file upload-v9.csv (CSV, C-alpha atoms)
chain,number,residue,atom,x,y,z
T,1,MET,CA,-11.1,-27.4,21.6
T,2,SER,CA,-9.9,-23.8,21.7
T,3,LEU,CA,-8.6,-21.9,18.8
T,4,VAL,CA,-5.0,-22.1,20.2
T,5,ASN,CA,-5.1,-25.8,19.8
T,6,TRP,CA,-6.8,-25.8,16.4
T,7,PRO,CA,-4.1,-26.7,13.9
T,8,GLY,CA,-4.3,-24.6,10.8
T,9,TYR,CA,-6.0,-21.4,12.0
T,10,ASP,CA,-2.8,-19.5,11.2
T,11,VAL,CA,-2.7,-20.9,7.6
T,12,VAL,CA,-6.3,-19.7,7.0
T,13,LEU,CA,-5.7,-16.3,8.5
T,14,GLU,CA,-2.4,-15.7,6.7
T,15,LEU,CA,-4.0,-16.7,3.4
T,16,LEU,CA,-6.7,-14.2,4.1
T,17,PHE,CA,-4.2,-11.4,5.0
T,18,GLY,CA,-2.3,-12.2,1.8
T,19,MET,CA,-5.5,-12.0,-0.3
T,20,ILE,CA,-6.6,-8.7,1.2
T,21,SER,CA,-3.0,-7.2,0.8
T,22,LEU,CA,-3.0,-8.4,-2.8
T,23,VAL,CA,-6.3,-6.7,-3.6
T,24,LEU,CA,-5.1,-3.5,-2.0
T,25,SER,CA,-1.9,-3.6,-3.9
T,26,LEU,CA,-3.6,-4.2,-7.3
T,27,PHE,CA,-6.0,-1.4,-6.6
T,28,ALA,CA,-3.1,0.9,-5.7
T,29,PHE,CA,-1.4,0.0,-9.1
T,30,LYS,CA,-4.7,0.7,-10.9
T,31,VAL,CA,-4.8,4.1,-9.3
T,32,TYR,CA,-1.1,4.6,-10.2
T,33,ARG,CA,-1.8,3.8,-13.8
T,34,GLU,CA,-4.5,6.5,-13.9
T,35,THR,CA,-2.8,9.2,-11.9
T,36,ASP,CA,1.0,8.6,-12.1
T,37,GLN,CA,1.2,9.3,-8.4
T,38,ARG,CA,4.5,8.1,-7.1
T,39,GLN,CA,3.2,7.5,-3.6
T,40,THR,CA,0.5,5.2,-4.9
T,41,LYS,CA,3.1,3.1,-6.7
T,42,LEU,CA,5.2,2.8,-3.6
T,43,PHE,CA,2.1,1.8,-1.6
T,44,GLY,CA,1.3,-0.9,-4.2
T,45,ILE,CA,4.8,-2.3,-4.2
T,46,ALA,CA,4.8,-2.4,-0.3
T,47,PHE,CA,1.5,-4.3,-0.2
T,48,LEU,CA,2.6,-6.6,-3.0
T,49,PHE,CA,5.7,-7.6,-0.9
T,50,MET,CA,3.5,-8.0,2.2
T,51,SER,CA,1.0,-10.1,0.3
T,52,LEU,CA,3.7,-12.4,-1.0
T,53,SER,CA,5.1,-12.6,2.5
T,54,TYR,CA,1.8,-13.8,3.9
T,55,PHE,CA,1.3,-16.3,1.1
T,56,VAL,CA,4.7,-17.8,1.7
T,57,GLN,CA,4.0,-18.0,5.5
T,58,SER,CA,0.7,-19.6,4.9
T,59,LEU,CA,2.0,-22.1,2.4
T,60,PHE,CA,4.9,-23.3,4.6
T,61,ASN,CA,2.7,-23.5,7.7
T,62,PHE,CA,0.4,-25.6,5.7
T,63,LEU,CA,3.3,-27.8,4.6
T,64,ILE,CA,4.5,-28.2,8.2
T,65,ILE,CA,1.0,-29.3,9.3
T,66,SER,CA,0.7,-31.7,6.3
T,67,ALA,CA,4.2,-33.1,7.1
T,68,ALA,CA,3.1,-33.7,10.7
T,69,LYS,CA,0.2,-35.8,9.5
T,70,GLY,CA,2.1,-37.7,6.8
T,71,ALA,CA,5.5,-38.4,8.5
T,72,VAL,CA,6.1,-42.0,9.3
T,73,CYS,CA,8.5,-41.3,12.2
T,74,LYS,CA,9.5,-38.4,14.5
T,75,VAL,CA,13.0,-38.1,13.0
T,76,MET,CA,11.6,-37.7,9.5
T,77,TYR,CA,9.1,-35.1,10.8
T,78,VAL,CA,11.8,-33.1,12.6
T,79,SER,CA,13.9,-33.0,9.5
T,80,ILE,CA,11.1,-31.9,7.2
T,81,PHE,CA,9.9,-29.4,9.9
T,82,ASN,CA,13.3,-27.8,10.1
T,83,TRP,CA,13.6,-27.5,6.3
T,84,TYR,CA,10.2,-26.0,5.8
T,85,ASN,CA,10.5,-23.8,8.8
T,86,PHE,CA,13.9,-22.4,7.6
T,87,LEU,CA,12.6,-21.8,4.1
T,88,GLY,CA,9.3,-20.4,5.1
T,89,VAL,CA,10.4,-18.2,8.0
T,90,TYR,CA,13.4,-16.7,6.0
T,91,THR,CA,11.4,-15.9,2.9
T,92,HIS,CA,8.5,-14.5,4.9
T,93,ILE,CA,10.8,-12.3,6.9
T,94,LEU,CA,12.7,-11.0,3.9
T,95,LEU,CA,9.5,-10.2,1.9
T,96,MET,CA,7.8,-8.6,5.0
T,97,THR,CA,10.8,-6.5,5.8
T,98,MET,CA,11.0,-5.2,2.2
T,99,GLY,CA,7.3,-4.4,2.3
T,100,LEU,CA,7.5,-2.5,5.6
T,101,VAL,CA,10.6,-0.6,4.5
T,102,VAL,CA,8.9,0.5,1.3
T,103,LEU,CA,5.7,1.5,3.2
T,104,THR,CA,7.7,3.4,5.8
T,105,TYR,CA,9.7,5.2,3.0
T,106,MET,CA,6.3,6.1,1.3
T,107,THR,CA,5.1,7.7,4.5
T,108,LEU,CA,8.2,10.0,4.7
T,109,LYS,CA,7.0,11.6,1.4
T,110,VAL,CA,10.6,12.3,0.1
T,111,GLN,CA,12.1,11.6,-3.3
T,112,LYS,CA,15.4,10.1,-2.1
T,113,PRO,CA,15.9,6.6,-3.4
T,114,MET,CA,19.2,6.4,-1.5
T,115,LEU,CA,17.3,6.7,1.7
T,116,LEU,CA,15.1,3.7,0.7
T,117,TRP,CA,18.2,1.6,-0.1
T,118,MET,CA,19.9,2.7,3.1
T,119,MET,CA,16.8,1.6,5.2
T,120,LEU,CA,16.7,-1.7,3.3
T,121,LEU,CA,20.4,-2.3,3.7
T,122,ILE,CA,20.4,-1.5,7.4
T,123,SER,CA,17.4,-3.8,8.1
T,124,LEU,CA,18.8,-6.7,6.1
T,125,THR,CA,22.3,-6.4,7.6
T,126,ALA,CA,20.7,-6.4,11.1
T,127,LEU,CA,18.8,-9.5,10.2
T,128,PHE,CA,21.8,-11.2,8.6
T,129,PHE,CA,24.0,-10.8,11.6
T,130,SER,CA,21.4,-11.6,14.3
T,131,GLU,CA,21.9,-15.4,13.9
T,132,GLU,CA,19.8,-17.3,16.5
T,133,HIS,CA,17.9,-14.0,17.4
T,134,PHE,CA,16.9,-13.6,13.7
T,135,PHE,CA,13.2,-13.8,14.4
T,136,THR,CA,13.2,-11.6,17.5
T,137,VAL,CA,15.3,-8.9,15.6
T,138,PHE,CA,12.8,-9.1,12.7
T,139,LEU,CA,9.8,-8.6,15.1
T,140,ILE,CA,11.5,-5.6,16.9
T,141,LEU,CA,12.4,-4.1,13.5
T,142,SER,CA,8.8,-4.6,12.1
T,143,THR,CA,7.4,-3.1,15.4
T,144,VAL,CA,9.6,0.0,14.9
T,145,TYR,CA,8.5,0.3,11.3
T,146,PHE,CA,4.8,-0.1,12.3
T,147,ILE,CA,5.2,2.7,14.9
T,148,PHE,CA,6.4,5.1,12.1
T,149,ILE,CA,3.7,3.9,9.7
T,150,SER,CA,1.0,4.3,12.3
T,151,ILE,CA,2.1,7.8,13.1
T,152,HIS,CA,1.7,8.7,9.5
T,153,PHE,CA,-1.9,7.3,9.4
T,154,VAL,CA,-2.9,8.8,12.7
T,155,ASN,CA,-1.6,12.2,11.5
T,156,ASN,CA,-3.5,11.7,8.3
T,157,TYR,CA,-6.7,11.1,10.3
T,158,ARG,CA,-6.0,14.2,12.4
T,159,LYS,CA,-5.7,16.2,9.1
T,160,ASN,CA,-8.8,14.8,7.3
T,161,LYS,CA,-11.0,14.0,10.4
T,162,ASP,CA,-13.1,11.6,8.3
T,163,ARG,CA,-14.4,8.0,8.8
T,164,LYS,CA,-12.2,6.5,6.1
T,165,SER,CA,-8.9,7.9,7.5
T,166,LEU,CA,-10.0,6.8,11.0
T,167,VAL,CA,-10.6,3.2,9.8
T,168,VAL,CA,-7.2,3.1,8.1
T,169,ALA,CA,-5.4,4.6,11.2
T,170,LEU,CA,-7.1,2.0,13.4
T,171,ALA,CA,-6.1,-0.8,11.0
T,172,PHE,CA,-2.4,0.1,11.3
T,173,LEU,CA,-2.6,0.6,15.1
T,174,PHE,CA,-4.0,-3.0,15.3
T,175,LEU,CA,-1.2,-4.2,13.1
T,176,LEU,CA,1.2,-2.5,15.5
T,177,PHE,CA,-0.4,-4.2,18.5
T,178,GLY,CA,-0.2,-7.5,16.6
T,179,SER,CA,3.4,-7.0,15.9
T,180,ILE,CA,4.1,-6.3,19.6
T,181,ASN,CA,2.3,-9.5,20.5
T,182,PHE,CA,4.4,-11.5,18.1
T,183,ILE,CA,7.5,-10.5,20.1
T,184,PHE,CA,6.1,-12.6,23.0
T,185,CYS,CA,4.8,-15.5,21.0
T,186,THR,CA,7.8,-17.7,22.0
T,187,GLN,CA,6.7,-17.3,25.7
T,188,ALA,CA,3.1,-18.7,25.2
T,189,ASP,CA,0.9,-19.8,22.3
T,190,ILE,CA,-1.8,-17.3,23.4
T,191,PHE,CA,0.4,-14.4,22.1
T,192,TYR,CA,0.7,-16.1,18.7
T,193,LEU,CA,-3.1,-16.4,18.6
T,194,ALA,CA,-3.6,-12.9,19.9
T,195,ALA,CA,-1.2,-11.5,17.2
T,196,HIS,CA,-3.2,-13.2,14.5
T,197,LEU,CA,-6.5,-12.0,15.8
T,198,LEU,CA,-5.3,-8.5,16.1
T,199,ALA,CA,-4.0,-8.7,12.5
T,200,LEU,CA,-7.4,-10.1,11.5
T,201,VAL,CA,-9.2,-7.0,13.0
T,202,ALA,CA,-6.7,-4.8,11.2
T,203,TYR,CA,-7.3,-6.4,7.8
T,204,LEU,CA,-11.1,-6.3,8.4
T,205,PHE,CA,-10.7,-2.5,8.9
T,206,ILE,CA,-8.7,-2.3,5.7
T,207,LEU,CA,-11.5,-4.2,3.9
T,208,LEU,CA,-14.1,-1.8,5.5
T,209,ASP,CA,-12.1,1.2,4.1
T,210,PHE,CA,-12.0,-0.5,0.7
T,211,TYR,CA,-15.8,-0.8,0.8
T,212,LEU,CA,-16.1,2.9,1.8
T,213,VAL,CA,-13.8,4.0,-1.0
T,214,LEU,CA,-15.7,2.0,-3.7
T,215,LYS,CA,-19.1,2.9,-2.4
T,216,LYS,CA,-20.8,5.4,-4.7
Y,1,MET,CA,-13.6,24.9,-10.1
Y,2,SER,CA,-12.8,24.4,-6.4
Y,3,GLY,CA,-12.3,27.5,-4.4
Y,4,GLY,CA,-11.2,28.2,-0.8
Y,5,LYS,CA,-8.5,25.7,0.3
Y,6,ARG,CA,-5.3,25.1,-1.7
Y,7,ARG,CA,-5.7,22.5,-4.5
Y,8,ASP,CA,-3.3,19.6,-4.6
Y,9,ARG,CA,-1.9,18.0,-7.8
Y,10,LEU,CA,-4.7,15.5,-8.2
Y,11,GLU,CA,-7.3,18.2,-8.0
Y,12,ILE,CA,-5.5,20.6,-10.4
Y,13,ILE,CA,-5.2,17.8,-13.0
Y,14,HIS,CA,-8.9,17.0,-12.5
Y,15,ASP,CA,-9.8,20.6,-13.0
Y,16,ILE,CA,-7.7,21.0,-16.2
Y,17,LEU,CA,-9.1,17.7,-17.7
Y,18,HIS,CA,-12.6,18.8,-16.7
Y,19,VAL,CA,-12.3,22.1,-18.5
Y,20,ILE,CA,-11.1,20.3,-21.7
Y,21,ARG,CA,-14.0,17.9,-21.5
Y,22,GLU,CA,-16.5,20.7,-20.9
Y,23,LYS,CA,-15.3,22.5,-24.0
Y,24,GLY,CA,-16.0,19.4,-26.2
Y,25,ASP,CA,-12.5,18.2,-26.5
Y,26,LYS,CA,-11.1,21.1,-28.6
Y,27,ILE,CA,-9.9,23.9,-26.4
Y,28,LYS,CA,-7.2,26.6,-26.8
Y,29,PRO,CA,-4.5,27.0,-24.2
Y,30,THR,CA,-5.8,30.5,-23.4
Y,31,HIS,CA,-9.2,29.1,-22.4
Y,32,ILE,CA,-7.6,26.5,-20.2
Y,33,LEU,CA,-5.5,29.3,-18.6
Y,34,TYR,CA,-8.6,31.4,-17.9
Y,35,LYS,CA,-10.7,28.5,-16.6
Y,36,SER,CA,-8.1,26.6,-14.6
Y,37,ASN,CA,-7.1,29.5,-12.3
Y,38,LEU,CA,-3.4,28.8,-12.6
Y,39,SER,CA,-0.4,31.0,-13.4
Y,40,HIS,CA,0.9,30.7,-17.0
Y,41,GLN,CA,4.1,29.0,-15.8
Y,42,MET,CA,2.3,26.4,-13.6
Y,43,LEU,CA,-0.2,25.7,-16.4
Y,44,THR,CA,2.7,25.1,-18.9
Y,45,GLU,CA,4.3,22.7,-16.5
Y,46,TYR,CA,1.0,20.8,-15.9
Y,47,MET,CA,0.2,20.7,-19.6
Y,48,THR,CA,3.7,19.3,-20.5
Y,49,ASP,CA,3.3,16.7,-17.8
Y,50,LEU,CA,-0.2,15.8,-18.9
Y,51,ILE,CA,0.9,15.4,-22.5
Y,52,SER,CA,4.0,13.3,-21.6
Y,53,LYS,CA,1.8,11.1,-19.4
Y,54,ARG,CA,-0.7,10.8,-22.2
Y,55,PHE,CA,-3.7,12.3,-20.4
Y,56,ILE,CA,-4.2,14.8,-23.2
Y,57,VAL,CA,-3.1,15.2,-26.8
Y,58,GLU,CA,-2.0,18.5,-28.4
Y,59,ASP,CA,-3.2,19.1,-32.0
Y,60,ILE,CA,-1.6,21.8,-34.2
Y,61,ASP,CA,-3.6,23.0,-37.3
Y,62,LYS,CA,-2.2,24.4,-40.6
Y,63,ARG,CA,-2.1,27.9,-39.2
Y,64,GLY,CA,-0.1,26.7,-36.2
Y,65,LYS,CA,-2.9,27.1,-33.7
Y,66,ARG,CA,-2.8,24.6,-30.8
Y,67,THR,CA,-5.8,22.9,-29.3
Y,68,TYR,CA,-6.1,20.1,-26.7
Y,69,ARG,CA,-8.2,17.0,-26.3
Y,70,LEU,CA,-8.5,14.2,-23.8
Y,71,THR,CA,-7.2,10.7,-24.4
Y,72,ASP,CA,-8.9,7.5,-23.0
Y,73,LYS,CA,-6.6,7.8,-20.0
Y,74,GLY,CA,-7.8,11.4,-19.5
Y,75,TYR,CA,-11.5,10.2,-19.6
Y,76,ALA,CA,-10.7,7.3,-17.2
Y,77,TYR,CA,-9.1,9.8,-14.8
Y,78,LEU,CA,-12.2,11.9,-14.8
Y,79,GLY,CA,-14.5,8.9,-14.5
Y,80,ASP,CA,-12.7,7.4,-11.5
Y,81,TYR,CA,-11.7,10.7,-9.8
Y,82,SER,CA,-14.1,10.4,-6.9
Y,83,THR,CA,-12.9,6.8,-6.0
Y,84,VAL,CA,-9.3,7.7,-6.5
Y,85,ARG,CA,-9.7,10.8,-4.3
Y,86,LYS,CA,-11.2,8.8,-1.5
Y,87,PHE,CA,-8.5,6.1,-1.7
Y,88,VAL,CA,-5.6,8.6,-1.8
Y,89,ASP,CA,-7.1,10.7,1.1
Y,90,SER,CA,-7.8,7.7,3.3
Y,91,TYR,CA,-4.2,6.6,3.1
Y,92,GLY,CA,-2.6,10.0,2.9
Y,93,LEU,CA,-1.0,9.2,-0.4
Y,94,GLU,CA,-0.9,12.8,-1.8

call {"tool": "encode", "arguments": {"input": "upload-v9.csv", "output": "structure tokens"}}
result
Amino acid sequence: MSLVNWPGYDVVLELLFGMISLVLSLFAFKVYRETDQRQTKLFGIAFLFMSLSYFVQSLFNFLIISAAKGAVCKVMYVSIFNWYNFLGVYTHILLMTMGLVVLTYMTLKVQKPMLLWMMLLISLTALFFSEEHFFTVFLILSTVYFIFISIHFVNNYRKNKDRKSLVVALAFLFLLFGSINFIFCTQADIFYLAAHLLALVAYLFILLDFYLVLKK
Amino acid sequence: MSGGKRRDRLEIIHDILHVIREKGDKIKPTHILYKSNLSHQMLTEYMTDLISKRFIVEDIDKRGKRTYRLTDKGYAYLGDYSTVRKFVDSYGLE
């Protein structure tokens, strides 16, 4: 049985992404407490939103799988599936959009809260009016945000030219490739799997950087 | 004190706190000015910031002379500086 057909691999991976994001967020808040660095606070907030978004996605995917096993008839399953899918997808998308907007704003290194609110408002308005294309619009928006975020981290590597910055830049490039793959996930399941595996590589890079940072 | 390339805010704060700790937690502003390699105006801004954010405490004696000492937060900053520096640099958070 290939991984594509293995029910629940996405639940496990999303849970893992949520945990790694949460650890990164809490560490950023710890650094913020010690340094009062505004950028670090924004970074912590962004990853907290992303972490919650992954936890919600994982939980609802788990509930959908559980409902499939426990449903007594197909009508009942479809009804539960639609309800869980609606709640899960919308909450995940809202939280992830907020995380990406805050992270993109952080990379701009400006102190203009109005800009942050404008980015957030434009993104949420686009999602609100996209109706049946809601998910596609979200994936395109997140890809655009990942492009800008990746540019920041690649430039940071070009400036520092060290291993840690390279690992972080690679992590965000993999998240960008993963996001592009998600756009095509309605075409074939393999894109859904590929997107998760690319994100897995990205979060392993983030863990590696975390290890390098904490190593004495 | 770091020389050569321009110091960023994190490094300047580290250098000021380091000078205070080296002097046994009772240092006059003129000593900090001399050791920190900053202009008077910049040092005043940093000291005000460090006091307001509770990295250091200002003590004034009966004769009105001012000295500075580190708080627990100041010591924590110095202790974790290397880790914080690596984290901030790897994500370009400065």

call {"tool": "interface_residues", "arguments": {"input": "upload-v9.csv", "of": "chain Y", "to": "chain T", "cutoff": "12 Å", "atoms": "only C-alpha atoms", "output": "ChimeraX atom specification"}}
result
/Y:8-14,49-50,52-55,71-94

call {"tool": "atom_distance", "arguments": {"input": "upload-v9.csv", "atom1": "CA of Ala68 (chain T)", "atom2": "CA of Val12 (chain T)"}}
result
17.3 Å

call {"tool": "residues_around", "arguments": {"input": "upload-v9.csv", "residues": "Leu115 (chain T)", "least_positions_apart": "3", "cutoff": "12 Å", "atoms": "all atoms listed in the file", "output": "list in words"}}
result
Val101, Val102, Thr104, Tyr105, Met106, Leu108, Lys109, Val110, Gln111, Lys112, Met118, Met119, Leu120, Leu121 and Ile122 of chain T

call {"tool": "atom_distance", "arguments": {"input": "upload-v9.csv", "atom1": "CA of Arg7 (chain Y)", "atom2": "CA of Glu58 (chain Y)"}}
result
24.5 Å

call {"tool": "atom_distance", "arguments": {"input": "upload-v9.csv", "atom1": "CA of Ile206 (chain T)", "atom2": "CA of Ala188 (chain T)"}}
result
28.1 Å

call {"tool": "residues_near_point", "arguments": {"input": "upload-v9.csv", "point": "(-0.6, -9.8, 6.1)", "cutoff": "12 Å", "atoms": "all atoms listed in the file", "output": "PyMOL selection string"}}
result
chain T and resi 10-25+46-58+92-93+95-97+99-100+171-172+174-175+178-179+195-204+206

call {"tool": "closest_residue", "arguments": {"input": "upload-v9.csv", "among": "Y:Ile32, Y:Met42, Y:Ile16, Y:Arg21", "to": "Arg66 (chain Y)", "atoms": "all atoms listed in the file"}}
result
Y:Ile32

call {"tool": "residues_around", "arguments": {"input": "upload-v9.csv", "residues": "Leu70 (chain Y)", "least_positions_apart": "6", "cutoff": "8 Å", "atoms": "all atoms listed in the file", "output": "short mmCIF file (atom, residue, chain, number, x, y, z; two decimals) with C-alpha atoms, in the frame of the given file"}}
result
data_model
loop_
_atom_site.label_atom_id
_atom_site.label_comp_id
_atom_site.auth_asym_id
_atom_site.auth_seq_id
_atom_site.Cartn_x
_atom_site.Cartn_y
_atom_site.Cartn_z
CA LEU Y 17 -9.10 17.70 -17.70
CA ILE Y 20 -11.10 20.30 -21.70
CA ARG Y 21 -14.00 17.90 -21.50
CA ASP Y 25 -12.50 18.20 -26.50
CA PHE Y 55 -3.70 12.30 -20.40
CA ILE Y 56 -4.20 14.80 -23.20
CA VAL Y 57 -3.10 15.20 -26.80
#

call {"tool": "residues_around", "arguments": {"input": "upload-v9.csv", "residues": "region 62-66 of chain T", "least_positions_apart": "2", "cutoff": "8 Å", "atoms": "all atoms listed in the file", "output": "PyMOL selection string"}}
result
chain T and resi 7-8+11+58-60+68-70+80-81+84-85
